[in-house]
Every structure is written in C-alpha cells, then in structure tokens.
Amino acid sequence: MGEGRKPEWMENETKHTTSSILSGKGHSTGEFKQKRKPSRPVMSVEQLTEGVLRQDRATLARAITLIESQAAKHYEVAQQLLQRVLPHTGSSIRIGISGVPGAGKSTFIEAFGLYLCEKGYKVAVLAVDPSSSVSGGSILGDKTRMEQLSRHPNAFIRPSPSGGTLGGVHRKTRETMLLCEAAGFDVILIETVGVGQSEIIVRSMVDFFLLLVLTGAGDELQGMKKGIMEIADAILVNKADGSNLPLAKKTKEEYNQLLHFLQPATKGWETRAYTCSALTGDGIEDVWKVIQRFVESTKESNVFFERRKEQAIEWMYTMIHDRLHTTFFQHPRIQELLPDAEQSVKEGTDTVTSVVDRLFSAFTDS
Ligand code: GDP
C-alpha cells in the first residue's frame with residue numbers, strides 16, 4: 001500500500017472556496033485581479049480521470065475543487081468525471097468521527113491517522129462543517145490542525161466545502177469521498193462536530209461511526225442526547241491520561257451501562273465504550289482493532305454491503321429532494337409570485353393551502 005506515490009503528494013492542501021475558481025465572483029477589485037495567478041490550463045475529463053486514477057495528488061485536488069464549484073459548467077464536467085471513476089470506488093473503509101468542540105477530534109485524527117499511515121494505509125480526512133454553510137465561518141477548518149498528519153505522504157486532508165446549504169456540503173463531501181477512493185485511499189475519515197444535523201449526514205455516508213466524548217459523565221451523561229449515541233458504533237472516552245485516567249475509566253463504565261438500554265446502530269454489532277488518549281496514543285491501536293473487527297463481522301453477515309446499498313438509495317432520494325427544492329425556488333415564475341403569496345398568507349386573505357396550490361399550478365404549467 002502507498003506505492004506509486006508522487007513527491008507532489010506532499011503538497012499541503014489549502015482551503016478552496018467556490019469563489020476562488022469562479023471568475024472573479026466576490027473579488028471584483030482590479031487590485032485583486034492583478035494579484036491573481038495566471039489561470040492553469042483547463043484539464044479535460046479524460047485528463048482528470050487519468051490523473052485521479054494515477055493517484056496524482058495535484059489532479060485529485062483539482063478534481064475536488066471542480067466538485068465543490070457551484071458553476072453550472074463545472075457541474076457537468078464533475079458529473080462526467082464521477083461517472084468515469086465510479087467503477088474504481090467503494091473499496092475503502094469509511095469512518096465518521098464526531099464530538100463536541102474540544103472533545104479532541106483533531107488531536108485524535110492526527111494520532112489515529114498517523115498510526116494508520118505508518119502501517120502503510122493511505123488516509124484521507126474530509127470534514128462536514130455545518131457552520132461553513134450557515135455563516136461561511138468554520139468550527140472545524142480554520143485553525144491549523146493535524147500538522148504532522150498533513151505532512152505525511154500517505155495522508156490527504158481536505159477541509160469542509162464552504163458556502164451553500166448543508167445539503168450542498170453533503171453532496172460535495174460524498175462525491176469527494178468517491179474521488180479519494182478512486183485515487184487509492186484505503187481509509188476515509190469524515191469529521192464533523194456534534195451539534196445537530198451534520199452527524200446524521202455523516203452517518204448516512206460511512207460504514208463506522210465513532211463518537212468522541214469527554215469525562216465527567218454524571219449530569220452531562222443524563223443530558224446527552226440519546227439520538228447521537230444511537231448512531232454510534234463505538235463511544236470513545238478521550239483524554240484518558242494523567243490524573244484524568246480513573247475518571248475516564250469510570251465514564252466508560254457509565255456509558256456501557258447506558259448503552260445496554262439503547263438500540264445498536266448496526267445490526268449484529270454491540271456498540272461499546274472505550275477509553276483512549278489522543279495525546280499519549282494509549283488506546284489508539286485498540287480503536288483500529290475494534291474497527292477491523294466491525295468490518296470483518298459486518299462483511300461476513302452482509303450487513304456492511306446492505307448498508308452501503310441502503311445509503312446509495314437514501315442518497316438518491318436526498319438528491320431528488322434537493323433538486324426539486326432548487327428547481328422550484330429558482331423558477332422565475334415562482335420567484336415572481338412568492339412575494340404576493342407571502343403577503344396573502346400574512347394578511348390572512350387566502351388559506352395557506354390555496355396559496356401553495358396556486359404556486360404549484362404556476363410551477364407545473366410553465
Ligand atoms: P476538537 O475541537 O474536538 O478538534 O478538539 P482538539 O483536538 O482541538 O482538542 C481540544 C483540546 O484538548 C486541545 O487543547 C488538545 O490538546 C486537548 N486534548 C485532545 N486530546 C487530548 C488527550 O487525549 N489528552 C489530553 N490531556 N488532552 C487532549
């Protein structure tokens with residue numbers, strides 16, 4: 001594994017915003033234009049496909065930038081590229097990692113990623129950051145993170161796509177994952193922050209979902225949303241080191257007791273809590289053993305493959321919903337009618353149902 005690497009794979013990835021590859025959008029000053037590097041020659045779908053399959057990191061980065069673009073002309077090429085690489089996807093292990101800010105996600109991913117890289121695996125780290133779609137800001141991306149891992153020749157780190165809806169971020173991350181698989185990555189780690197919908201999105205694209213938690217259970221544990229525990233395949237009590245170790249062990253037991261009463265996330269697999277220290281590396285190897293055991297047993301029972309199929313179907317419906325939503329709201333006639341529709345509803349001159357009926361008639365008739 002990891003053979004045929006190119007030195008340019010060691011290039012550190014920078015954050016690509018959609019606007020950076022669209023012509024001057026959001027950057028209309030002459031000063032900016034002068035500073036812009038001359039644009040690189042356009043690559044054909046064939047060149048992009050060949051580069052990704054050849055595991056060329058620079059081409060992979062460009063292909064992902066294309067996927068992340070919101071320009072219609074990029075969308076077409078991106079879809080053609082995906083179609084071509086599709087037969088080469090699917091052979092990685094996809095792992096989701098979530099936890100509240102400060103739980104130690106980036107420290108853990110750095111330690112775990114390096115451990116895997118040293119074992120010869122090629123590791124891609126992607127992120128789904130809900131804040132990047134809401135405010136353009138970022139919970140996960142901006143600070144310098146995973147410095148050592150980002151320098152490792154077997155690793156590839158890509159921050160969360162920014163801008164657009166969470167649905168848009170979902171599509172881009174899923175398609176980026178496929179590109180990474182086509183480029184030979186064996187393990188895909190998808191990081192997200194445990195603050196709401198984003199972990200459900202990540203769960204819908206991974207095989208194994210790992211939840212990082214902190215010690216000091218008690219009240220916190222009581223208040224913890226059952227929902228997130230029910231989508232986890234393992235709960236990892238991080239920072240089990242130094243004087244925190246006894247408390248971490250106690251927290252682990254408390255989680256294990258609670259897990260008895262919950263539905264397991266994966267059929268035939270018992271979700272359990274473990275401890276680790278991302279700082280000292282204690283327990284990191286055990287996490288990998290748990291994941292390997294999971295993959296082995298779910299492949300044997302076929303649950304692994306069934307889930308992937310279900311995820312693909314779910315993905316199809318998500319895309320249909322997204323497409324319908326966009327098509328409807330971007331329709332010129334709907335945009336024209338919406339202000340009046342709002343007004344009628346606000347003033348109570350029409351029922352909501354009749355307003356919606358009118359809008360849909362206008363949409364389907366035109
Ligand atoms: P994130 O917000 O979930 O990505 O958390 P970070 O990885 O940035 O970690 C938050 C803080 O916890 C940092 O100061 C880390 O150094 C610290 N930290 C992370 N993992 C451990 C650990 O295993 N043990 C200890 N003692 N500190 C840790």
# chains A, B, ... in the order shown; residues from 1 in each chain; ligands from 1
>>> residues_near_ligand(ligand="ligand 1", cutoff="7 Å", atoms="only C-alpha atoms and all ligand atoms", output="list in words")
Gly99, Val100, Pro101, Gly102, Ala103, Gly104, Lys105, Ser106, Thr107, Phe108, Leu140, Asn238, Lys239, Ala240, Asp241, Cys276, Ser277, Ala278, Leu279 and Thr280 of chain A
>>> residues_around(residues="region 207-210 of chain A", least_positions_apart="3", cutoff="10 Å", atoms="only C-alpha atoms", output="ChimeraX atom specification")
/A:92-99,189-191,199,202-204,213,229,231-236,265-266,271,273,287,291,294-295,298,303-305,307-308,311
>>> select_by_dssp(residues="region 94-186 of chain A", states="strand (DSSP E or B)", output="MDAnalysis selection string")
chainID A and resid 94:98 123:128 155:157
>>> write_last_selection(atoms="C-alpha atoms", output="compact mmCIF listing (two decimals), in the first residue's frame")
# COMPACT_ATOMS: atom_id res chain seq x y z
CA ARG A 94 -15.40 4.90 5.63
CA ILE A 95 -15.29 6.17 9.19
CA GLY A 96 -17.24 9.08 10.66
CA ILE A 97 -15.86 10.87 13.70
CA SER A 98 -17.93 13.25 15.78
CA VAL A 123 -5.71 8.01 4.74
CA ALA A 124 -7.97 10.82 3.52
CA VAL A 125 -9.50 13.20 6.04
CA LEU A 126 -12.63 15.10 5.00
CA ALA A 127 -14.94 17.28 7.05
CA VAL A 128 -18.58 18.25 7.18
CA ALA A 155 -2.30 11.38 4.11
CA PHE A 156 -4.59 13.81 2.34
CA ILE A 157 -6.57 16.40 4.28
>>> atom_distance(atom1="CA of Phe112 (chain A)", atom2="CA of Glu310 (chain A)")
28.3 Å
>>> residues_around(residues="Glu76 (chain A)", least_positions_apart="4", cutoff="10 Å", atoms="only C-alpha atoms", output="ChimeraX atom specification")
/A:66-67,71-72,80-81
>>> write_last_selection(atoms="N, CA, C and O atoms", output="mmCIF file, in the first residue's frame")
data_model
loop_
_atom_site.group_PDB
_atom_site.id
_atom_site.type_symbol
_atom_site.label_atom_id
_atom_site.label_comp_id
_atom_site.auth_asym_id
_atom_site.auth_seq_id
_atom_site.Cartn_x
_atom_site.Cartn_y
_atom_site.Cartn_z
ATOM 1 N N LEU A 66 -13.363 21.124 -8.522
ATOM 2 C CA LEU A 66 -14.411 21.097 -9.544
ATOM 3 C C LEU A 66 -15.739 20.631 -8.952
ATOM 4 O O LEU A 66 -16.793 21.215 -9.198
ATOM 5 N N ILE A 67 -15.664 19.582 -8.140
ATOM 6 C CA ILE A 67 -16.865 19.053 -7.472
ATOM 7 C C ILE A 67 -17.488 20.132 -6.581
ATOM 8 O O ILE A 67 -18.699 20.233 -6.458
ATOM 9 N N ALA A 71 -20.659 26.460 -10.158
ATOM 10 C CA ALA A 71 -20.918 26.898 -11.537
ATOM 11 C C ALA A 71 -21.482 25.756 -12.362
ATOM 12 O O ALA A 71 -20.999 24.631 -12.278
ATOM 13 N N ALA A 72 -22.490 26.068 -13.158
ATOM 14 C CA ALA A 72 -23.169 25.030 -13.957
ATOM 15 C C ALA A 72 -22.192 24.304 -14.875
ATOM 16 O O ALA A 72 -22.245 23.085 -15.010
ATOM 17 N N GLN A 80 -19.423 13.999 -15.165
ATOM 18 C CA GLN A 80 -18.796 13.072 -16.127
ATOM 19 C C GLN A 80 -17.592 12.382 -15.496
ATOM 20 O O GLN A 80 -17.361 11.189 -15.672
ATOM 21 N N LEU A 81 -16.833 13.177 -14.746
ATOM 22 C CA LEU A 81 -15.656 12.620 -14.068
ATOM 23 C C LEU A 81 -16.068 11.534 -13.072
ATOM 24 O O LEU A 81 -15.487 10.436 -13.040
#
>>> select_by_dssp(residues="region 276-315 of chain A", states="helix (DSSP H, G or I)", output="MDAnalysis selection string")
chainID A and resid 284:300 303:315
>>> residues_around(residues="Phe328 (chain A)", least_positions_apart="5", cutoff="10 Å", atoms="only C-alpha atoms", output="list in words")
Asp322, Arg323, Arg333, Ile334, Gln335, Leu359, Phe360, Phe363 and Thr364 of chain A
>>> write_last_selection(atoms="C-alpha atoms", output="CSV table (one decimal), in the first residue's frame")
chain,number,residue,atom,x,y,z
A,322,ASP,CA,-32.5,18.8,-3.2
A,323,ARG,CA,-33.0,19.1,-6.9
A,333,ARG,CA,-42.4,32.4,-12.2
A,334,ILE,CA,-42.2,31.2,-8.6
A,335,GLN,CA,-39.8,34.0,-7.7
A,359,LEU,CA,-47.8,28.3,-6.7
A,360,PHE,CA,-47.7,24.7,-7.8
A,363,PHE,CA,-44.8,25.8,-11.5
A,364,THR,CA,-46.2,22.8,-13.3
